[in-house]
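Remarks on the structure that follows.
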Amino acid sequence: MQDDPVIRVISKVMIPTVMLFALYVQFHGDYGPGGGFQAGVIFASAFVLNAMIFGLNRGRHVWPAHLNLLAICAGVLLYGLTGVASLFLGANYLDYDVLGATAKSGQHIGILLVEFGVGLTVASVMVALFFTFAGRPTHVRLLSKMQAHEGARPPAPKDEAKSEAKTKATKDNKTGAHK
Amino acid sequence: MMQHLPVLQVLLPLLGAPCAALLRGRDMAWGLALLLTGAAFLISAVLFGLQYNAGEALIYDLGGWPAPLGIVYVIDAASALVLPVVSGIAFVATIAARRLVEAEIDARDHALFYAAWLLTIAGMLGQVTTGDAFNIFVFLEISSLSAYALVAMGAGRDRRALPAAFNYLILGTVGATFYVIGIGLLYMLTGTLNLTDLAERLAEVESTRASFTALAFIALGLFLKMALFPLHFWLVPAYAHAPSAVSALMAATATKVSVYVLIRLMFGVFGVEFNGLADAIGLLILTLGITGAFAGTLAAILETDLKKLFAQSSIAQLGYMAIGIGAMSMTGLAAAFIHLFNHALMKGALFLAIGAIAAQAGRVSMQSIEGAGRQIPVTMTAILVGGLALIGVPLTAGFISKVYLVRALLEQNFWLLAGLTFISSALALAYVWKIIEAAWLKERPENAPALIETPVHYVPAWLMVFATIGFGIFAGPLVDAAYAAAAVFIGGPS
């Protein structure tokens, strides 16, 4: 799909916008509708879009699996440790009153941190789900088996030739534009 | 720090899980799990002591929000009794897990395995600790979801773990959904989720159709979760094909926690007087319980795979717990608590011992243990003692369970049921005898693989066996604690 200039350009505009909107939903969640869950899903959708357009491999390259695992765990830990911080400040677990100078600012800081933890974990879990299902080896094997079973028509070479021609065309376009 | 123990009980394994998932290197994640389950066991023992001395419920307000508004953790006589069971078994199972997991699970998955392991323990401890109906659901899902993953991890050795985990997933989710539908109805009726508050407000609206429906949904959901006959079909394959360490942990704790939640909801929220609950539901539970006891025992007799055999016997034992609940009396509930405690110890011992064999021999069938009594006497003796305890032989914990169960039934003049309970217990002798016959009376076949045992193999199982015998001989403190736990729900101030 990355060969289609329309999709490429639109996605280049959309992906940062989606991410920015996710951050808005995340941090404005204190005052308006929103919060970690919604923001996390929106943020993850940027990665999903990226992987759908530029392919799974490049998608994985942008956000590798071990970083994703780290992010999943970090979000949960951020949530939990915010609660533990109030334990150490002498209040009950998850009592945010003591985190700030006043009870109100304390609650604000607490909610902000906790919701960020939620957002981080939700986003990275969504990405993990997408890559797990999209890249399932058995799934690919099953598909190729089914195609082999259908047999008669040879779909692959024709399509490839087409897409190659397209790539060339776009390349030509590009170079033309540059000139 | 002492006042924070109720939350630390749940928090340590819960936050340990993401840490374990990130740890790399041999045994690191296991070490963390061992440390945290050990700490959890210690905390629950201290909580038991604190609660006993205080004589009343210890209440912890999460986030500093007091009871009806916020979520509270409540340590009363009942939760203080169940917590050490869960955390103690978790600790011993973690000790054994090192070898079992190394033998059965791919090294790359160890960190994730222990993450799920800690999560499921945190979920179970949370269900017992919390005093909030919806919070119970959250912890139920935490423990169940990670349990599905744990069962599915058996797939590396036994592909049948995958369909088993899938069935468990579907039925477990149905159970959890039913529970949450019931809670939703209660919330609609009363506007509260706090269990104490719920009990008070429910009294005002108890004759509405919605409250009946709520009870039906909650009870059915929890019957499914505790694998009460005839909703037990997920249990046997899940326990049989899961990794051995997981079988041990889950067989000993998972269904017990659901039994506890059922008691808490049925008696603590709806109450015995709820619209003649005692008559209708009591009769239903008694019938299902005794049928389950027979069905489980008979199925166990026909089974040749040892893990499946003891999973079937779990169905029977859960039937006995249900009989205790169904008696709807103080003694009945106390008997249910006693059996919950004792059965956890016995099944822990049995599945740990079987796991030690399974890690070497793969599938543990009657054929593969032929003559094993002479080759690995210590491990097989652990299985034997566990089996005798299941029957209810004196000097084992199982005897105490049966005594109080029968006493509860006789108190209510359920003579027939008491007789049936006795018969089904005696039937258990048949499957224990099958094991004795295979392990001791038959020669080890020439071509059978040699089994070995070292203290590493049998010490975890024997810890449980000693506990089984210990609580069989010195049952006094346990019985007192169980009566105190029953008093939380029935008759008299707690």
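Here, A, B, ... name the chains of the structure tokens in the order displayed, residue numbers run from 1 inside each chain, and ligands are numbered from 1 in the same displayed order.
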
Practice item. Do me a favour and pick out the residues of chain B within 10 Å of chain A, using only C-alpha atoms, as a ChimeraX atom specification. Key: /B:1,3-4,7-8,11-12,14-22,60-65

Residues from the last selection, N, CA and C atoms, saved as a compact mmCIF listing (two decimals), in the first residue's frame:
# COMPACT_ATOMS: atom_id res chain seq x y z
N MET B 1 3.41 0.76 59.45
CA MET B 1 3.45 -0.18 58.33
C MET B 1 2.42 -1.28 58.51
N GLN B 3 -0.58 -1.23 59.51
CA GLN B 3 -1.95 -0.99 59.04
C GLN B 3 -2.06 -1.11 57.53
N HIS B 4 -0.90 -1.12 56.84
CA HIS B 4 -0.96 -1.25 55.39
C HIS B 4 -0.92 -2.70 54.92
N VAL B 7 -3.36 -4.17 52.13
CA VAL B 7 -3.15 -3.82 50.73
C VAL B 7 -1.84 -4.42 50.22
N LEU B 8 -0.84 -4.48 51.10
CA LEU B 8 0.44 -5.05 50.65
C LEU B 8 0.27 -6.52 50.28
N LEU B 11 -0.80 -6.23 46.84
CA LEU B 11 0.04 -5.36 46.02
C LEU B 11 1.37 -6.01 45.64
N LEU B 12 1.97 -6.73 46.59
CA LEU B 12 3.30 -7.28 46.31
C LEU B 12 3.30 -8.19 45.09
N LEU B 14 1.04 -8.35 42.81
CA LEU B 14 0.49 -7.63 41.66
C LEU B 14 1.56 -6.80 40.98
N LEU B 15 2.35 -6.07 41.77
CA LEU B 15 3.40 -5.25 41.16
C LEU B 15 4.62 -6.09 40.83
N GLY B 16 4.74 -7.24 41.47
CA GLY B 16 5.85 -8.12 41.14
C GLY B 16 5.72 -8.68 39.73
N ALA B 17 4.46 -8.81 39.27
CA ALA B 17 4.23 -9.43 37.96
C ALA B 17 4.90 -8.66 36.81
N PRO B 18 4.67 -7.34 36.68
CA PRO B 18 5.36 -6.64 35.59
C PRO B 18 6.87 -6.68 35.75
N CYS B 19 7.36 -6.66 36.99
CA CYS B 19 8.81 -6.73 37.20
C CYS B 19 9.33 -8.08 36.70
N ALA B 20 8.60 -9.15 37.05
CA ALA B 20 9.04 -10.49 36.65
C ALA B 20 9.07 -10.61 35.14
N ALA B 21 8.11 -9.96 34.47
CA ALA B 21 8.05 -10.06 33.00
C ALA B 21 9.29 -9.45 32.37
N LEU B 22 9.90 -8.47 33.07
CA LEU B 22 11.06 -7.78 32.48
C LEU B 22 12.37 -8.45 32.82
N TYR B 60 -9.35 -1.56 55.59
CA TYR B 60 -8.37 -0.67 54.98
C TYR B 60 -9.06 0.13 53.88
N ASP B 61 -9.03 1.47 53.99
CA ASP B 61 -9.67 2.30 52.96
C ASP B 61 -8.66 2.60 51.86
N LEU B 62 -8.94 2.14 50.67
CA LEU B 62 -8.04 2.46 49.57
C LEU B 62 -8.21 3.92 49.17
N GLY B 63 -7.07 4.59 48.98
CA GLY B 63 -7.12 5.99 48.59
C GLY B 63 -7.66 6.89 49.67
N GLY B 64 -7.81 6.36 50.91
CA GLY B 64 -8.31 7.18 51.99
C GLY B 64 -9.78 7.48 51.90
N TRP B 65 -10.49 6.83 50.97
CA TRP B 65 -11.94 7.05 50.87
C TRP B 65 -12.65 6.05 51.77

Point to revise | Spatial neighbours of Val128 of chain B, max dist 8 Å, only C-alpha atoms, sep filter under 6 positions, as a PyMOL selection string | key: chain B and resi 79+82-83+136+257+260-261

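Considering the residues B:Ala428, B:Val46, B:Ala54, B:Leu125 and counting only C-alpha atoms, Ala299 of chain B has its shortest atom-to-atom contact with B:Ala428.
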
Check your understanding: Can you tell me, as an NGL selection string, what residues are no more than 12 Å from Gly123 of chain B when counting only C-alpha atoms, ignoring any on the same chain fewer than 6 positions away?
Key -> :B and (9-15 or 17 or 83 or 86-87 or 116-117 or 129-130 or 135-147 or 253-254 or 257-258)

Now that the selection is made, can you save its residues with C-alpha atoms as an mmCIF file, in the first residue's frame?
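Once written, again11.cif looks like this:
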data_model
loop_
_atom_site.group_PDB
_atom_site.id
_atom_site.type_symbol
_atom_site.label_atom_id
_atom_site.label_comp_id
_atom_site.auth_asym_id
_atom_site.auth_seq_id
_atom_site.Cartn_x
_atom_site.Cartn_y
_atom_site.Cartn_z
ATOM 1 C CA GLN B 9 -0.933 -8.583 50.671
ATOM 2 C CA VAL B 10 -2.354 -8.032 47.207
ATOM 3 C CA LEU B 11 0.042 -5.363 46.020
ATOM 4 C CA LEU B 12 3.299 -7.281 46.310
ATOM 5 C CA PRO B 13 2.462 -10.048 43.836
ATOM 6 C CA LEU B 14 0.485 -7.629 41.662
ATOM 7 C CA LEU B 15 3.396 -5.252 41.158
ATOM 8 C CA ALA B 17 4.229 -9.426 37.959
ATOM 9 C CA LEU B 83 -5.591 -15.857 52.835
ATOM 10 C CA VAL B 86 -3.840 -19.243 49.125
ATOM 11 C CA SER B 87 -0.543 -17.569 49.889
ATOM 12 C CA ALA B 116 1.225 -14.679 34.895
ATOM 13 C CA TRP B 117 1.894 -16.846 37.957
ATOM 14 C CA THR B 129 -9.272 -9.440 50.649
ATOM 15 C CA THR B 130 -11.620 -6.988 49.008
ATOM 16 C CA ASN B 135 -13.624 -5.287 42.889
ATOM 17 C CA ILE B 136 -14.172 -9.020 43.371
ATOM 18 C CA PHE B 137 -15.047 -9.219 39.676
ATOM 19 C CA VAL B 138 -11.897 -7.322 38.701
ATOM 20 C CA PHE B 139 -9.710 -9.649 40.728
ATOM 21 C CA LEU B 140 -11.655 -12.650 39.466
ATOM 22 C CA GLU B 141 -10.764 -11.603 35.939
ATOM 23 C CA ILE B 142 -7.128 -10.901 36.847
ATOM 24 C CA SER B 143 -6.723 -14.349 38.319
ATOM 25 C CA SER B 144 -8.736 -16.112 35.597
ATOM 26 C CA LEU B 145 -7.153 -14.444 32.575
ATOM 27 C CA SER B 146 -3.675 -15.211 33.809
ATOM 28 C CA ALA B 147 -4.791 -18.738 34.681
ATOM 29 C CA THR B 253 -6.474 -22.704 45.350
ATOM 30 C CA ALA B 254 -8.477 -21.483 42.340
ATOM 31 C CA VAL B 257 -11.384 -18.902 46.270
ATOM 32 C CA SER B 258 -14.611 -19.134 44.270
#

Review point. Residues at most 12 Å from Met380 of chain B, counting only C-alpha atoms, excluding those fewer than 2 positions away in the same chain, as a VMD selection string?
Key: chain B and resid 349 to 357 369 to 378 382 to 387 432 435 to 440 451 to 453 457 to 458 461 to 462 465

Would you put the residues from that selection into a file with C-alpha atoms, as a PDB file, in the first residue's frame?
ATOM      1  CA  ALA B 349       0.487 -32.358  48.136  1.00  0.00           C
ATOM      2  CA  LEU B 350      -0.942 -34.682  45.479  1.00  0.00           C
ATOM      3  CA  PHE B 351      -0.375 -32.448  42.481  1.00  0.00           C
ATOM      4  CA  LEU B 352       3.116 -31.457  43.611  1.00  0.00           C
ATOM      5  CA  ALA B 353       4.062 -35.110  43.987  1.00  0.00           C
ATOM      6  CA  ILE B 354       2.526 -35.992  40.626  1.00  0.00           C
ATOM      7  CA  GLY B 355       4.265 -33.008  39.092  1.00  0.00           C
ATOM      8  CA  ALA B 356       7.617 -34.310  40.316  1.00  0.00           C
ATOM      9  CA  ILE B 357       6.945 -37.526  38.389  1.00  0.00           C
ATOM     10  CA  ILE B 369       3.733 -45.601  37.894  1.00  0.00           C
ATOM     11  CA  GLU B 370       3.725 -49.397  37.893  1.00  0.00           C
ATOM     12  CA  GLY B 371       6.224 -50.483  40.499  1.00  0.00           C
ATOM     13  CA  ALA B 372       7.141 -46.879  41.224  1.00  0.00           C
ATOM     14  CA  GLY B 373       6.490 -47.473  44.921  1.00  0.00           C
ATOM     15  CA  ARG B 374       9.839 -49.169  45.193  1.00  0.00           C
ATOM     16  CA  GLN B 375      11.721 -46.894  42.835  1.00  0.00           C
ATOM     17  CA  ILE B 376      10.597 -43.563  44.286  1.00  0.00           C
ATOM     18  CA  PRO B 377       9.112 -44.501  47.675  1.00  0.00           C
ATOM     19  CA  VAL B 378       9.100 -41.025  49.216  1.00  0.00           C
ATOM     20  CA  ALA B 382       3.200 -38.538  49.572  1.00  0.00           C
ATOM     21  CA  ILE B 383       0.606 -39.499  46.963  1.00  0.00           C
ATOM     22  CA  LEU B 384      -0.613 -42.324  49.195  1.00  0.00           C
ATOM     23  CA  VAL B 385      -1.054 -40.083  52.236  1.00  0.00           C
ATOM     24  CA  GLY B 386      -2.786 -37.477  50.087  1.00  0.00           C
ATOM     25  CA  GLY B 387      -5.120 -40.155  48.762  1.00  0.00           C
ATOM     26  CA  VAL B 432      -6.612 -44.853  46.005  1.00  0.00           C
ATOM     27  CA  ILE B 435      -2.776 -46.392  42.822  1.00  0.00           C
ATOM     28  CA  ILE B 436      -1.501 -48.635  45.618  1.00  0.00           C
ATOM     29  CA  GLU B 437      -1.962 -51.661  43.396  1.00  0.00           C
ATOM     30  CA  ALA B 438      -0.102 -50.087  40.497  1.00  0.00           C
ATOM     31  CA  ALA B 439       2.704 -48.544  42.512  1.00  0.00           C
ATOM     32  CA  TRP B 440       3.431 -51.214  45.096  1.00  0.00           C
ATOM     33  CA  LEU B 451      12.369 -42.586  37.879  1.00  0.00           C
ATOM     34  CA  ILE B 452      14.575 -40.775  40.333  1.00  0.00           C
ATOM     35  CA  GLU B 453      13.902 -38.756  43.414  1.00  0.00           C
ATOM     36  CA  HIS B 457      11.620 -33.576  44.076  1.00  0.00           C
ATOM     37  CA  TYR B 458       9.649 -34.420  47.153  1.00  0.00           C
ATOM     38  CA  ALA B 461       4.979 -32.144  48.356  1.00  0.00           C
ATOM     39  CA  TRP B 462       5.995 -33.379  51.778  1.00  0.00           C
ATOM     40  CA  VAL B 465       1.762 -33.800  53.512  1.00  0.00           C
TER      41      VAL B 465
END

Practice item. Please provide the set of residues having any atom within 9 Å of Leu112 of chain A, restricted to only C-alpha atoms, with same-chain residues fewer than 5 positions apart removed, written as an NGL selection string. Key: :A and (26-27 or 29-30 or 107 or 117)

Please produce a file of those selected residues containing C-alpha atoms, as an mmCIF file, in the first residue's frame.
data_model
loop_
_atom_site.group_PDB
_atom_site.id
_atom_site.type_symbol
_atom_site.label_atom_id
_atom_site.label_comp_id
_atom_site.auth_asym_id
_atom_site.auth_seq_id
_atom_site.Cartn_x
_atom_site.Cartn_y
_atom_site.Cartn_z
ATOM 1 C CA GLN A 26 -4.807 11.819 27.655
ATOM 2 C CA PHE A 27 -3.919 15.031 29.428
ATOM 3 C CA GLY A 29 -8.944 13.933 30.471
ATOM 4 C CA ASP A 30 -8.775 15.691 33.842
ATOM 5 C CA GLN A 107 -5.188 14.538 43.677
ATOM 6 C CA GLY A 117 0.305 4.759 33.361
#

**Study point:** Near-Leu193 of chain B list (9 Å; only C-alpha atoms; drop same-chain fewer than 5 positions) as a list of chain:residue names
**Key:**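 Near Leu193 of chain B, the qualifying residues are B:Pro68, B:Leu69, B:Ile71, B:Gly131, B:Asp132, B:Ala133, B:Phe134, B:Asn135, B:Ile183, B:Leu186, B:Tyr187, B:Leu198.
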